[in-house]
>>> print(open('upload-v2.cif').read())   # mmCIF, C-alpha atoms
data_upload
loop_
_atom_site.label_atom_id
_atom_site.label_comp_id
_atom_site.auth_asym_id
_atom_site.auth_seq_id
_atom_site.Cartn_x
_atom_site.Cartn_y
_atom_site.Cartn_z
CA MET H 827 -246.92 26.51 51.78
CA VAL H 828 -244.91 28.19 49.04
CA ARG H 829 -244.91 31.87 48.14
CA LEU H 830 -243.10 34.18 45.74
CA GLU H 831 -242.39 37.69 47.00
CA THR H 832 -242.01 40.63 44.62
CA ALA H 833 -240.86 43.05 47.35
CA ILE H 834 -238.48 42.85 50.30
CA PHE H 835 -239.74 40.52 53.04
CA ASP H 836 -238.70 39.97 56.63
CA PRO H 837 -238.07 36.23 57.07
CA TRP H 838 -238.50 36.38 60.84
CA SER H 839 -241.91 38.06 60.86
CA THR H 840 -242.92 35.77 57.98
CA LEU H 841 -242.11 32.80 60.21
CA ARG H 842 -244.02 34.24 63.15
CA ASP H 843 -247.06 34.99 60.97
CA PHE H 844 -246.94 31.51 59.46
CA GLU H 845 -246.80 29.84 62.88
CA GLN H 846 -249.71 31.93 64.11
CA THR H 847 -251.93 31.20 61.13
CA HIS H 848 -251.16 27.55 60.35
CA ASP H 849 -251.71 24.25 62.07
CA MET H 850 -248.35 23.13 63.38
CA GLY H 851 -249.76 19.84 64.60
CA ASP H 852 -251.44 20.80 67.91
CA GLY H 853 -248.45 20.64 70.22
CA ARG H 854 -246.79 17.91 68.16
CA SER H 855 -244.13 20.17 66.64
CA GLY H 856 -241.20 20.44 69.02
CA ALA H 857 -238.68 21.48 66.38
CA ALA H 858 -238.44 24.13 63.68
CA ALA H 859 -235.46 24.16 61.33
CA VAL H 860 -235.02 27.24 59.18
CA PHE H 861 -232.73 28.41 56.40
CA VAL H 862 -232.52 32.00 55.19
CA GLY H 863 -230.43 32.95 52.16
CA THR H 864 -229.53 36.61 51.86
CA MET H 865 -228.00 38.46 48.92
CA ARG H 866 -224.29 38.94 49.42
CA ASP H 867 -222.34 41.87 48.00
CA PHE H 868 -219.87 39.62 46.21
CA ASN H 869 -219.99 36.54 43.98
CA ALA H 870 -217.23 34.62 42.22
CA GLY H 871 -214.73 37.23 43.38
CA ASP H 872 -216.63 40.27 42.05
CA GLY H 873 -218.59 42.98 43.80
CA VAL H 874 -222.31 42.83 43.06
CA ARG H 875 -224.54 45.90 43.32
CA ARG H 876 -227.88 44.45 42.34
CA LEU H 877 -229.53 41.19 41.36
CA PHE H 878 -232.43 40.47 39.05
CA LEU H 879 -234.24 37.23 39.84
CA GLU H 880 -236.15 35.85 36.88
CA HIS H 881 -238.59 32.97 37.23
CA TYR H 882 -241.06 30.94 35.16
CA PRO H 883 -244.48 32.00 36.44
CA GLY H 884 -246.57 28.91 37.03
CA MET H 885 -243.81 26.31 36.77
CA THR H 886 -241.79 27.89 39.57
CA GLU H 887 -244.69 27.69 42.01
CA ARG H 888 -245.51 24.13 40.92
CA GLU H 889 -241.91 22.98 41.33
CA LEU H 890 -241.73 24.53 44.81
CA GLU H 891 -245.00 22.78 45.72
CA ARG H 892 -243.54 19.47 44.52
CA ILE H 893 -240.41 20.01 46.61
CA ALA H 894 -242.47 20.80 49.72
CA ASP H 895 -244.69 17.75 49.09
CA GLU H 896 -241.60 15.52 48.79
CA ALA H 897 -240.29 16.74 52.15
CA VAL H 898 -243.62 15.93 53.81
CA GLU H 899 -243.60 12.45 52.23
CA ARG H 900 -239.99 11.64 53.09
CA TRP H 901 -239.78 12.97 56.66
CA PRO H 902 -242.26 13.15 59.56
CA VAL H 903 -242.79 16.90 59.28
CA ASN H 904 -246.00 18.68 60.21
CA ALA H 905 -245.50 21.76 58.02
CA CYS H 906 -243.14 23.23 55.42
CA LEU H 907 -242.70 26.80 54.23
CA ILE H 908 -240.81 28.06 51.18
CA VAL H 909 -240.64 31.77 50.36
CA HIS H 910 -238.56 33.06 47.44
CA ARG H 911 -237.98 36.57 46.21
CA VAL H 912 -238.33 37.51 42.52
CA GLY H 913 -237.43 40.71 40.65
CA LEU H 914 -234.76 43.26 41.53
CA ILE H 915 -232.98 42.98 44.84
CA VAL H 916 -229.96 44.59 46.53
CA PRO H 917 -227.30 43.20 48.91
CA GLY H 918 -228.54 42.41 52.40
CA GLU H 919 -232.06 41.57 51.27
CA PRO H 920 -233.35 38.02 51.86
CA ILE H 921 -233.67 35.86 48.74
CA VAL H 922 -235.04 32.64 50.12
CA LEU H 923 -236.54 31.16 53.27
CA THR H 924 -237.13 27.45 53.85
CA ALA H 925 -238.53 25.99 57.06
CA ALA H 926 -239.77 22.65 58.37
CA TRP H 927 -241.67 21.91 61.58
CA SER H 928 -241.46 18.44 63.15
CA ALA H 929 -241.71 16.58 66.44
CA HIS H 930 -237.97 15.87 66.58
CA ARG H 931 -234.98 17.82 65.37
CA ASN H 932 -233.38 15.43 62.87
CA ALA H 933 -236.46 15.29 60.68
CA GLY H 934 -236.72 19.09 60.76
CA PHE H 935 -233.08 19.64 59.82
CA ASP H 936 -233.14 17.00 57.08
CA ALA H 937 -236.38 18.29 55.59
CA CYS H 938 -235.24 21.92 55.72
CA ARG H 939 -231.97 21.04 54.02
CA HIS H 940 -233.82 19.07 51.37
CA LEU H 941 -236.05 22.09 50.67
CA ILE H 942 -233.13 24.42 49.98
CA GLU H 943 -231.01 21.84 48.11
CA ALA H 944 -233.86 20.75 45.85
CA LEU H 945 -234.87 24.38 45.28
CA LYS H 946 -231.33 25.29 44.19
CA HIS H 947 -231.13 22.32 41.84
CA ARG H 948 -234.61 22.29 40.35
CA ALA H 949 -236.73 25.39 40.90
CA PRO H 950 -236.73 27.59 37.79
CA PHE H 951 -235.09 30.79 39.00
CA TRP H 952 -232.23 32.61 37.27
CA LYS H 953 -229.98 35.34 38.66
CA ARG H 954 -228.61 38.22 36.62
CA GLU H 955 -226.01 40.33 38.41
CA ASP H 956 -225.20 44.02 38.06
CA LEU H 957 -221.53 44.13 38.99
CA ALA H 958 -219.74 46.96 40.78
CA ASN H 959 -217.71 47.54 37.58
CA GLY H 960 -220.88 48.22 35.58
CA GLU H 961 -221.04 44.86 33.78
CA GLN H 962 -224.11 42.69 33.75
CA ARG H 963 -223.94 38.90 33.74
CA TRP H 964 -226.14 35.87 34.21
CA VAL H 965 -225.02 33.55 36.98
CA SER H 966 -224.13 30.38 35.09
CA GLU H 967 -224.35 27.90 37.90
CA ASN H 968 -225.33 27.85 41.52
CA THR H 969 -223.09 28.86 44.40
CA PRO H 970 -221.14 26.19 46.29
CA ALA H 971 -223.03 24.64 49.17
CA MET B 821 -223.73 35.34 71.76
CA VAL B 822 -225.47 33.22 74.39
CA ARG B 823 -228.38 34.24 76.58
CA LEU B 824 -230.65 32.67 79.18
CA GLU B 825 -234.26 33.85 79.23
CA THR B 826 -236.36 33.72 82.39
CA ALA B 827 -239.60 34.66 80.59
CA ILE B 828 -241.26 33.68 77.32
CA PHE B 829 -239.34 34.92 74.27
CA ASP B 830 -240.21 35.19 70.59
CA PRO B 831 -237.44 33.43 68.64
CA TRP B 832 -238.25 35.27 65.43
CA SER B 833 -238.04 38.78 66.83
CA THR B 834 -234.96 37.70 68.79
CA LEU B 835 -233.34 36.76 65.47
CA ARG B 836 -234.34 40.03 63.84
CA ASP B 837 -233.03 42.07 66.77
CA PHE B 838 -229.78 40.10 66.79
CA GLU B 839 -229.23 40.65 63.07
CA GLN B 840 -229.90 44.36 63.42
CA THR B 841 -227.53 44.87 66.33
CA HIS B 842 -224.63 42.54 65.48
CA ASP B 843 -221.98 42.44 62.82
CA MET B 844 -222.93 39.67 60.43
CA GLY B 845 -219.75 40.09 58.44
CA ASP B 846 -220.52 43.13 56.25
CA GLY B 847 -222.37 41.42 53.42
CA ARG B 848 -220.36 38.22 53.83
CA SER B 849 -223.17 36.23 55.42
CA GLY B 850 -225.35 34.73 52.72
CA ALA B 851 -226.81 32.00 54.89
CA ALA B 852 -228.54 31.75 58.24
CA ALA B 853 -229.43 28.34 59.67
CA VAL B 854 -231.75 28.31 62.65
CA PHE B 855 -233.18 25.75 65.03
CA VAL B 856 -236.05 26.45 67.45
CA GLY B 857 -237.13 23.88 70.02
CA THR B 858 -240.60 24.35 71.48
CA MET B 859 -242.17 22.64 74.46
CA ARG B 860 -244.49 19.85 73.34
CA ASP B 861 -247.57 18.77 75.28
CA PHE B 862 -246.41 15.13 75.47
CA ASN B 863 -243.21 13.27 76.30
CA ALA B 864 -242.48 9.56 76.53
CA GLY B 865 -246.15 8.82 75.92
CA ASP B 866 -247.50 11.08 78.68
CA GLY B 867 -249.30 14.40 78.59
CA VAL B 868 -247.20 17.22 80.06
CA ARG B 869 -248.81 20.34 81.51
CA ARG B 870 -245.77 22.26 82.63
CA LEU B 871 -242.00 22.09 82.63
CA PHE B 872 -239.46 23.42 85.11
CA LEU B 873 -236.04 24.05 83.57
CA GLU B 874 -233.27 24.06 86.16
CA HIS B 875 -229.75 25.19 85.30
CA TYR B 876 -226.38 25.78 86.95
CA PRO B 877 -225.94 29.55 87.01
CA GLY B 878 -222.46 30.38 85.80
CA MET B 879 -221.52 26.98 84.40
CA THR B 880 -224.49 26.90 82.03
CA GLU B 881 -223.50 30.21 80.44
CA ARG B 882 -219.84 29.17 80.26
CA GLU B 883 -220.67 25.84 78.63
CA LEU B 884 -222.89 27.57 76.06
CA GLU B 885 -220.07 30.03 75.33
CA ARG B 886 -217.68 27.11 74.81
CA ILE B 887 -220.11 25.44 72.42
CA ALA B 888 -220.52 28.65 70.41
CA ASP B 889 -216.74 29.17 70.33
CA GLU B 890 -216.24 25.61 69.04
CA ALA B 891 -218.69 26.22 66.19
CA VAL B 892 -216.81 29.37 65.17
CA GLU B 893 -213.50 27.46 65.26
CA ARG B 894 -214.73 24.41 63.34
CA TRP B 895 -216.80 26.08 60.61
CA PRO B 896 -216.47 29.35 58.67
CA VAL B 897 -219.32 31.08 60.48
CA ASN B 898 -219.53 34.81 61.06
CA ALA B 899 -221.84 34.72 64.06
CA CYS B 900 -223.61 32.29 66.40
CA LEU B 901 -226.56 32.78 68.71
CA ILE B 902 -227.82 30.49 71.47
CA VAL B 903 -230.85 31.43 73.56
CA HIS B 904 -232.25 29.05 76.18
CA ARG B 905 -235.22 29.38 78.49
CA VAL B 906 -234.97 28.64 82.22
CA GLY B 907 -237.66 28.36 84.91
CA LEU B 908 -241.30 27.38 84.48
CA ILE B 909 -242.72 27.00 80.97
CA VAL B 910 -245.90 25.68 79.38
CA PRO B 911 -246.55 23.79 76.11
CA GLY B 912 -246.11 25.86 72.96
CA GLU B 913 -243.45 28.12 74.46
CA PRO B 914 -239.97 28.13 72.90
CA ILE B 915 -237.27 26.42 74.95
CA VAL B 916 -234.19 26.90 72.81
CA LEU B 917 -232.97 28.82 69.78
CA THR B 918 -229.68 28.16 68.00
CA ALA B 919 -228.52 30.02 64.90
CA ALA B 920 -225.40 30.33 62.75
CA TRP B 921 -224.62 32.87 60.03
CA SER B 922 -222.15 32.00 57.27
CA ALA B 923 -221.23 32.76 53.67
CA HIS B 924 -222.45 29.39 52.40
CA ARG B 925 -225.24 27.12 53.51
CA ASN B 926 -223.39 23.93 54.49
CA ALA B 927 -221.29 25.68 57.13
CA GLY B 928 -224.40 27.33 58.54
CA PHE B 929 -226.39 24.09 58.75
CA ASP B 930 -223.48 22.12 60.22
CA ALA B 931 -222.66 24.77 62.80
CA CYS B 932 -226.32 25.22 63.79
CA ARG B 933 -226.74 21.48 64.22
CA HIS B 934 -223.57 21.31 66.28
CA LEU B 935 -224.90 24.06 68.56
CA ILE B 936 -228.10 22.19 69.38
CA GLU B 937 -226.48 18.71 69.60
CA ALA B 938 -223.67 19.89 71.87
CA LEU B 939 -226.14 21.86 73.99
CA LYS B 940 -228.33 18.79 74.48
CA HIS B 941 -225.35 16.64 75.42
CA ARG B 942 -223.32 19.02 77.55
CA ALA B 943 -225.07 22.18 78.71
CA PRO B 944 -226.20 21.83 82.35
CA PHE B 945 -229.98 22.07 82.09
CA TRP B 946 -232.47 19.67 83.67
CA LYS B 947 -236.17 19.30 82.93
CA ARG B 948 -238.80 18.43 85.55
CA GLU B 949 -242.24 17.67 84.14
CA ASP B 950 -245.68 18.22 85.66
CA LEU B 951 -247.73 15.49 84.03
CA ALA B 952 -251.40 15.68 83.10
CA ASN B 953 -252.10 12.98 85.73
CA GLY B 954 -250.68 15.18 88.49
CA GLU B 955 -247.33 13.40 88.87
CA GLN B 956 -244.03 15.20 88.80
CA ARG B 957 -240.90 13.62 87.32
CA TRP B 958 -237.40 14.56 86.24
CA VAL B 959 -236.61 13.78 82.61
CA SER B 960 -233.90 11.16 82.90
CA GLU B 961 -232.36 11.47 79.47
CA ASN B 962 -232.70 13.64 76.44
CA THR B 963 -235.31 13.22 73.74
CA PRO B 964 -234.42 11.26 70.58
CA ALA B 965 -232.92 13.38 67.85
CA MET S 133 -250.40 20.80 15.77
CA SER S 134 -249.79 24.05 17.63
CA ILE S 135 -246.98 24.27 20.19
CA THR S 136 -245.82 27.28 22.21
CA ILE S 137 -242.08 27.50 22.84
CA ARG S 138 -240.77 29.71 25.66
CA TYR S 139 -237.21 30.78 26.46
CA PHE S 140 -235.89 32.10 29.78
CA ALA S 141 -232.97 34.08 31.18
CA SER S 142 -229.66 34.04 29.25
CA LEU S 143 -231.13 31.68 26.64
CA ARG S 144 -233.90 34.18 25.88
CA GLU S 145 -231.29 36.91 25.47
CA GLN S 146 -229.08 34.75 23.22
CA ILE S 147 -232.02 33.79 21.01
CA GLY S 148 -233.33 37.34 21.03
CA ARG S 149 -236.95 36.55 21.80
CA GLY S 150 -239.02 35.02 24.58
CA GLU S 151 -241.37 32.90 22.54
CA ASP S 152 -241.81 30.90 19.34
CA ARG S 153 -244.84 29.15 17.91
CA LEU S 154 -244.69 25.94 15.97
CA ASP S 155 -247.43 24.62 13.73
CA ALA S 156 -245.70 21.50 12.59
CA ALA S 157 -247.43 18.13 12.53
CA GLY S 158 -244.16 16.34 11.70
CA ILE S 159 -242.40 17.38 14.93
CA ALA S 160 -242.55 14.50 17.39
CA THR S 161 -240.22 15.34 20.28
CA VAL S 162 -238.76 18.18 22.33
CA ASP S 163 -235.43 17.63 20.58
CA ALA S 164 -237.09 17.75 17.17
CA ALA S 165 -238.76 21.05 18.07
CA TRP S 166 -235.41 22.56 19.04
CA GLN S 167 -233.78 21.18 15.86
CA HIS S 168 -236.55 22.63 13.73
CA LEU S 169 -236.13 26.11 15.25
CA HIS S 170 -232.37 26.26 15.84
CA GLY S 171 -230.79 23.71 13.49
CA THR S 172 -228.84 21.75 16.13
CA PRO S 173 -229.61 18.96 18.59
CA LEU S 174 -230.76 20.24 21.99
CA PRO S 175 -227.55 21.34 23.77
CA ALA S 176 -226.75 19.38 26.93
CA ARG S 177 -226.80 22.55 29.04
CA VAL S 178 -230.30 23.53 27.93
CA LEU S 179 -233.06 22.23 30.18
CA ALA S 180 -236.54 21.48 28.85
CA ALA S 181 -239.99 21.47 30.42
CA VAL S 182 -243.33 20.56 28.88
CA ASN S 183 -246.47 21.95 30.48
CA GLN S 184 -244.30 23.13 33.39
CA GLU S 185 -242.72 19.79 34.18
CA TYR S 186 -239.14 18.81 33.47
CA VAL S 187 -238.77 16.41 30.54
CA GLY S 188 -235.96 14.78 28.59
CA ALA S 189 -235.14 15.62 24.95
CA GLU S 190 -237.04 12.57 23.70
CA HIS S 191 -240.30 13.55 25.39
CA VAL S 192 -243.14 13.24 22.86
CA LEU S 193 -245.14 16.39 22.13
CA THR S 194 -248.91 16.75 22.01
CA ASP S 195 -251.07 19.41 20.39
CA GLY S 196 -251.31 22.48 22.64
CA ASP S 197 -248.15 21.76 24.65
CA GLU S 198 -246.19 24.57 26.23
CA VAL S 199 -242.49 23.79 25.80
CA ALA S 200 -239.90 25.76 27.76
CA PHE S 201 -236.14 25.88 27.22
CA PHE S 202 -233.85 27.43 29.80
CA PRO S 203 -230.31 27.41 31.19
CA PRO S 204 -229.31 25.72 34.50
CA VAL S 205 -231.31 27.20 37.35
CA THR S 206 -229.61 29.50 39.86
CA GLY S 207 -232.19 30.29 42.51
CA GLY S 208 -231.91 30.16 46.27
CA MET Z 1209 -208.74 22.70 102.65
CA SER Z 1210 -212.23 24.06 102.07
CA ILE Z 1211 -214.36 22.73 99.25
CA THR Z 1212 -217.93 23.62 98.30
CA ILE Z 1213 -220.06 20.76 96.95
CA ARG Z 1214 -223.21 21.52 94.97
CA TYR Z 1215 -226.00 19.20 93.83
CA PHE Z 1216 -228.53 19.79 91.08
CA ALA Z 1217 -231.91 18.56 89.88
CA SER Z 1218 -233.01 15.01 90.81
CA LEU Z 1219 -229.71 14.41 92.61
CA ARG Z 1220 -230.33 17.41 94.89
CA GLU Z 1221 -233.79 16.05 95.68
CA GLN Z 1222 -232.46 12.53 96.38
CA ILE Z 1223 -229.72 13.86 98.67
CA GLY Z 1224 -232.13 16.27 100.29
CA ARG Z 1225 -229.92 19.36 100.14
CA GLY Z 1226 -228.29 21.60 97.54
CA GLU Z 1227 -224.89 22.06 99.11
CA ASP Z 1228 -222.23 20.47 101.31
CA ARG Z 1229 -218.98 21.87 102.63
CA LEU Z 1230 -215.85 19.83 103.12
CA ASP Z 1231 -212.92 20.84 105.26
CA ALA Z 1232 -210.84 17.75 104.70
CA ALA Z 1233 -207.15 17.97 103.90
CA GLY Z 1234 -206.99 14.22 103.21
CA ILE Z 1235 -209.46 14.32 100.31
CA ALA Z 1236 -207.51 14.28 97.06
CA THR Z 1237 -210.01 13.72 94.24
CA VAL Z 1238 -213.59 14.29 93.13
CA ASP Z 1239 -214.29 10.60 93.72
CA ALA Z 1240 -212.80 10.78 97.24
CA ALA Z 1241 -215.02 13.76 98.06
CA TRP Z 1242 -218.12 11.82 96.97
CA GLN Z 1243 -216.99 8.74 98.94
CA HIS Z 1244 -216.38 10.84 102.04
CA LEU Z 1245 -219.88 12.34 101.88
CA HIS Z 1246 -221.94 9.43 100.54
CA GLY Z 1247 -219.98 6.27 101.35
CA THR Z 1248 -219.88 4.87 97.79
CA PRO Z 1249 -217.70 5.40 94.70
CA LEU Z 1250 -219.05 8.12 92.39
CA PRO Z 1251 -221.94 6.48 90.48
CA ALA Z 1252 -221.40 6.23 86.72
CA ARG Z 1253 -224.55 8.25 86.02
CA VAL Z 1254 -223.47 11.17 88.19
CA LEU Z 1255 -221.58 13.88 86.30
CA ALA Z 1256 -219.00 16.07 87.99
CA ALA Z 1257 -217.72 19.59 87.39
CA VAL Z 1258 -215.01 21.50 89.21
CA ASN Z 1259 -215.10 25.27 89.03
CA GLN Z 1260 -217.81 24.96 86.38
CA GLU Z 1261 -215.89 22.67 84.01
CA TYR Z 1262 -216.60 18.99 83.46
CA VAL Z 1263 -214.02 16.70 85.09
CA GLY Z 1264 -213.52 12.98 85.59
CA ALA Z 1265 -213.77 11.22 88.98
CA GLU Z 1266 -209.96 11.25 89.39
CA HIS Z 1267 -209.65 15.02 89.00
CA VAL Z 1268 -207.45 16.37 91.81
CA LEU Z 1269 -209.02 18.96 94.10
CA THR Z 1270 -207.50 22.26 95.22
CA ASP Z 1271 -208.37 24.49 98.17
CA GLY Z 1272 -211.37 26.65 97.37
CA ASP Z 1273 -212.73 24.47 94.56
CA GLU Z 1274 -216.42 24.43 93.77
CA VAL Z 1275 -217.40 20.85 92.99
CA ALA Z 1276 -220.77 20.12 91.39
CA PHE Z 1277 -222.52 16.75 91.05
CA PHE Z 1278 -225.53 16.34 88.80
CA PRO Z 1279 -227.54 13.84 86.71
CA PRO Z 1280 -227.37 13.59 82.89
CA VAL Z 1281 -228.34 16.92 81.33
CA THR Z 1282 -231.69 17.24 79.56
CA GLY Z 1283 -231.75 20.74 78.07
CA GLY Z 1284 -232.64 21.88 74.58
#
>>> encode(input="upload-v2.cif", output="structure tokens")
Amino acid sequence: MVRLETAIFDPWSTLRDFEQTHDMGDGRSGAAAVFVGTMRDFNAGDGVRRLFLEHYPGMTERELERIADEAVERWPVNACLIVHRVGLIVPGEPIVLTAAWSAHRNAGFDACRHLIEALKHRAPFWKREDLANGEQRWVSENTPA
Amino acid sequence: MVRLETAIFDPWSTLRDFEQTHDMGDGRSGAAAVFVGTMRDFNAGDGVRRLFLEHYPGMTERELERIADEAVERWPVNACLIVHRVGLIVPGEPIVLTAAWSAHRNAGFDACRHLIEALKHRAPFWKREDLANGEQRWVSENTPA
Amino acid sequence: MSITIRYFASLREQIGRGEDRLDAAGIATVDAAWQHLHGTPLPARVLAAVNQEYVGAEHVLTDGDEVAFFPPVTGG
Amino acid sequence: MSITIRYFASLREQIGRGEDRLDAAGIATVDAAWQHLHGTPLPARVLAAVNQEYVGAEHVLTDGDEVAFFPPVTGG
């Protein structure tokens, strides 16, 4: 499942809710691998006060769905979850959550890592930063892994 | 931090509580990588009704501490968490939670994976299964990755 | 032939608008659409999507297509 | 020299008790302690710890040590 969030979300209660409301494979999922990306208060050496996350409504959701489908095709995973924030956010707030449930841990880790790597390379999101010094700038490329 | 749990625990609220009560590096942690292992209802082809998790009080905690310390030494992580269940558990209950917080995602993933791999290879825990057919057996080696 | 062109993020700000419309039967490809509107070949750093799927500059356009141009993505 | 020996999991069940005590000044190593109690060299599949740290079979014992023997670990 993929979801865009326009307001702050708690990744941990999102994960609990997802597990309680989705089929994790009837006792077949022994492993959950999760990544949570949170807004830091610095980037490229500068203090950042606020972030605006733009997206391409429609294409963003479709690209996230494709990424989740790929993970399910490539690894024996029973479920995938991608949640991504859009709009204005401040340091400390979660930006992204990716998770994969599987019978064994390697498939879960590999699928979860694929979700976040593919998202960072392909999903149409763009970050604009409000710096501590008052300037505004678009992030020109993604952060190092 | 490492902790043994004698009763069922919710990994997701454990993570939220840990984040709220521990120093994650003052805005320096942009990434959290998490692994949760849950008891499955089968193992080695057999249905499993119940699991008894034995440990070596004292050494188990020390070995988990060593594993967490190693992760902090080898990767730029700001915090690590290991939680492991002991005693009697039933399918669907979480057995283990490992988590690593870092500025960038690769360090978090690598450290989190180290935590669970090292735990499975070195931490003194032993599983005894109550099978669906009424037999009881000790798990002789760890599950495939 | 009617094509909707959309711009995102820094590219939208540089161009000064979020959308263009083309009614140009002679425009065959994504690159040709960009050339027609902006007078240069599609810059290497500008990504293109047609109907919400990534395409290359030589992708052939069809009546009613939604074409999007945007800078490298920076989500996650 | 007084040494506490502890057994865990399937090994404890096979041996039929969780603990032994050795008061044997002539016992130098972990392997010698096992030999003294069980009449064989330490089996390859049995792991050993002294004072709650993994050690090899040739680890030298000291008065008051806690020695533990156990099967391969299966946590996580």
>>> resolve_selection(input="upload-v2.cif", expression="the PyMOL selection byres ((chain S and resi 162-177) around 6)", output="PyMOL selection string")
chain S and resi 159+161+178+189+191
>>> interface_residues(input="upload-v2.cif", of="chain B", to="chain H", cutoff="9 Å", atoms="only C-alpha atoms", output="VMD selection string")
chain B and resid 830 to 836 846 to 862 911 to 912 914 923 to 929 933 963 to 965
>>> resolve_selection(input="upload-v2.cif", expression="the PyMOL selection byres ((chain B and resi 892) around 12)", output="list in words")
Met821, Glu885, Arg886, Ile887, Ala888, Asp889, Glu890, Ala891, Glu893, Arg894, Trp895, Pro896, Val897, Asn898, Ala899, Cys900, Leu901, Ala919, Ala920, Trp921, Ser922, Ala927, Gly928, Asp930, Ala931, Cys932, His934 and Leu935 of chain B
>>> residues_around(input="upload-v2.cif", residues="Arg1225 in chain Z", least_positions_apart="5", cutoff="10 Å", atoms="all atoms listed in the file", output="PyMOL selection string")
chain Z and resi 1214-1216+1219-1220
>>> interface_residues(input="upload-v2.cif", of="chain S", to="chain H", cutoff="6 Å", atoms="all atoms listed in the file", output="PyMOL selection string")
chain S and resi 184+205-208
>>> closest_residue(input="upload-v2.cif", among="B:Arg869, B:Ala864, B:Ala827, B:Asp843", to="Glu955 in chain B", atoms="all atoms listed in the file")
B:Arg869
>>> atom_distance(input="upload-v2.cif", atom1="CA of Gly954 in chain B", atom2="CA of Val910 in chain B")
14.7 Å
>>> atom_distance(input="upload-v2.cif", atom1="CA of Val868 in chain B", atom2="CA of His848 in chain H")
22.6 Å
>>> atom_distance(input="upload-v2.cif", atom1="CA of Glu198 in chain S", atom2="CA of Ala157 in chain S")
15.2 Å
>>> calpha_fit_and_write(input="upload-v2.cif", fixed="chain Z", moving="chain S", output="CSV table (one decimal) with C-alpha atoms, in the coordinates of the input")
chain,number,residue,atom,x,y,z
S,133,MET,CA,-208.8,22.7,102.7
S,134,SER,CA,-212.2,24.1,102.1
S,135,ILE,CA,-214.4,22.7,99.2
S,136,THR,CA,-217.9,23.6,98.3
S,137,ILE,CA,-220.1,20.8,97.0
S,138,ARG,CA,-223.2,21.5,95.0
S,139,TYR,CA,-226.0,19.2,93.8
S,140,PHE,CA,-228.5,19.8,91.0
S,141,ALA,CA,-231.9,18.6,89.9
S,142,SER,CA,-233.0,15.0,90.8
S,143,LEU,CA,-229.7,14.4,92.6
S,144,ARG,CA,-230.3,17.4,94.9
S,145,GLU,CA,-233.8,16.1,95.7
S,146,GLN,CA,-232.5,12.5,96.4
S,147,ILE,CA,-229.7,13.9,98.7
S,148,GLY,CA,-232.1,16.3,100.3
S,149,ARG,CA,-229.9,19.4,100.1
S,150,GLY,CA,-228.3,21.6,97.5
S,151,GLU,CA,-224.9,22.0,99.1
S,152,ASP,CA,-222.2,20.5,101.3
S,153,ARG,CA,-219.0,21.9,102.6
S,154,LEU,CA,-215.9,19.8,103.1
S,155,ASP,CA,-212.9,20.8,105.3
S,156,ALA,CA,-210.8,17.8,104.7
S,157,ALA,CA,-207.1,18.0,103.9
S,158,GLY,CA,-207.0,14.2,103.2
S,159,ILE,CA,-209.5,14.3,100.3
S,160,ALA,CA,-207.5,14.3,97.0
S,161,THR,CA,-210.0,13.7,94.2
S,162,VAL,CA,-213.6,14.3,93.1
S,163,ASP,CA,-214.3,10.6,93.7
S,164,ALA,CA,-212.8,10.8,97.2
S,165,ALA,CA,-215.0,13.8,98.0
S,166,TRP,CA,-218.1,11.8,97.0
S,167,GLN,CA,-217.0,8.7,98.9
S,168,HIS,CA,-216.4,10.8,102.0
S,169,LEU,CA,-219.9,12.3,101.9
S,170,HIS,CA,-222.0,9.4,100.5
S,171,GLY,CA,-220.0,6.3,101.3
S,172,THR,CA,-219.9,4.9,97.8
S,173,PRO,CA,-217.7,5.4,94.7
S,174,LEU,CA,-219.1,8.1,92.4
S,175,PRO,CA,-221.9,6.5,90.5
S,176,ALA,CA,-221.4,6.2,86.7
S,177,ARG,CA,-224.6,8.2,86.0
S,178,VAL,CA,-223.5,11.2,88.2
S,179,LEU,CA,-221.6,13.9,86.3
S,180,ALA,CA,-219.0,16.1,88.0
S,181,ALA,CA,-217.7,19.6,87.4
S,182,VAL,CA,-215.0,21.5,89.2
S,183,ASN,CA,-215.1,25.3,89.0
S,184,GLN,CA,-217.8,25.0,86.4
S,185,GLU,CA,-215.9,22.7,84.0
S,186,TYR,CA,-216.6,19.0,83.5
S,187,VAL,CA,-214.0,16.7,85.1
S,188,GLY,CA,-213.5,13.0,85.6
S,189,ALA,CA,-213.8,11.2,89.0
S,190,GLU,CA,-210.0,11.3,89.4
S,191,HIS,CA,-209.7,15.0,89.0
S,192,VAL,CA,-207.5,16.4,91.8
S,193,LEU,CA,-209.0,19.0,94.1
S,194,THR,CA,-207.5,22.3,95.2
S,195,ASP,CA,-208.4,24.5,98.2
S,196,GLY,CA,-211.4,26.7,97.4
S,197,ASP,CA,-212.7,24.5,94.6
S,198,GLU,CA,-216.4,24.4,93.8
S,199,VAL,CA,-217.4,20.8,93.0
S,200,ALA,CA,-220.8,20.1,91.4
S,201,PHE,CA,-222.5,16.7,91.1
S,202,PHE,CA,-225.5,16.3,88.8
S,203,PRO,CA,-227.5,13.8,86.7
S,204,PRO,CA,-227.3,13.6,82.9
S,205,VAL,CA,-228.3,16.9,81.4
S,206,THR,CA,-231.7,17.3,79.6
S,207,GLY,CA,-231.7,20.7,78.1
S,208,GLY,CA,-232.7,21.9,74.6
>>> closest_residue(input="upload-v2.cif", among="Z:Ile1223, Z:Ala1276, Z:Ala1257, Z:Ile1211", to="Ala1236 in chain Z", atoms="only C-alpha atoms")
Z:Ile1211
>>> closest_residue(input="upload-v2.cif", among="S:Asp197, S:Val182, S:Pro203, S:Ala141", to="Leu154 in chain S", atoms="all atoms listed in the file")
S:Asp197
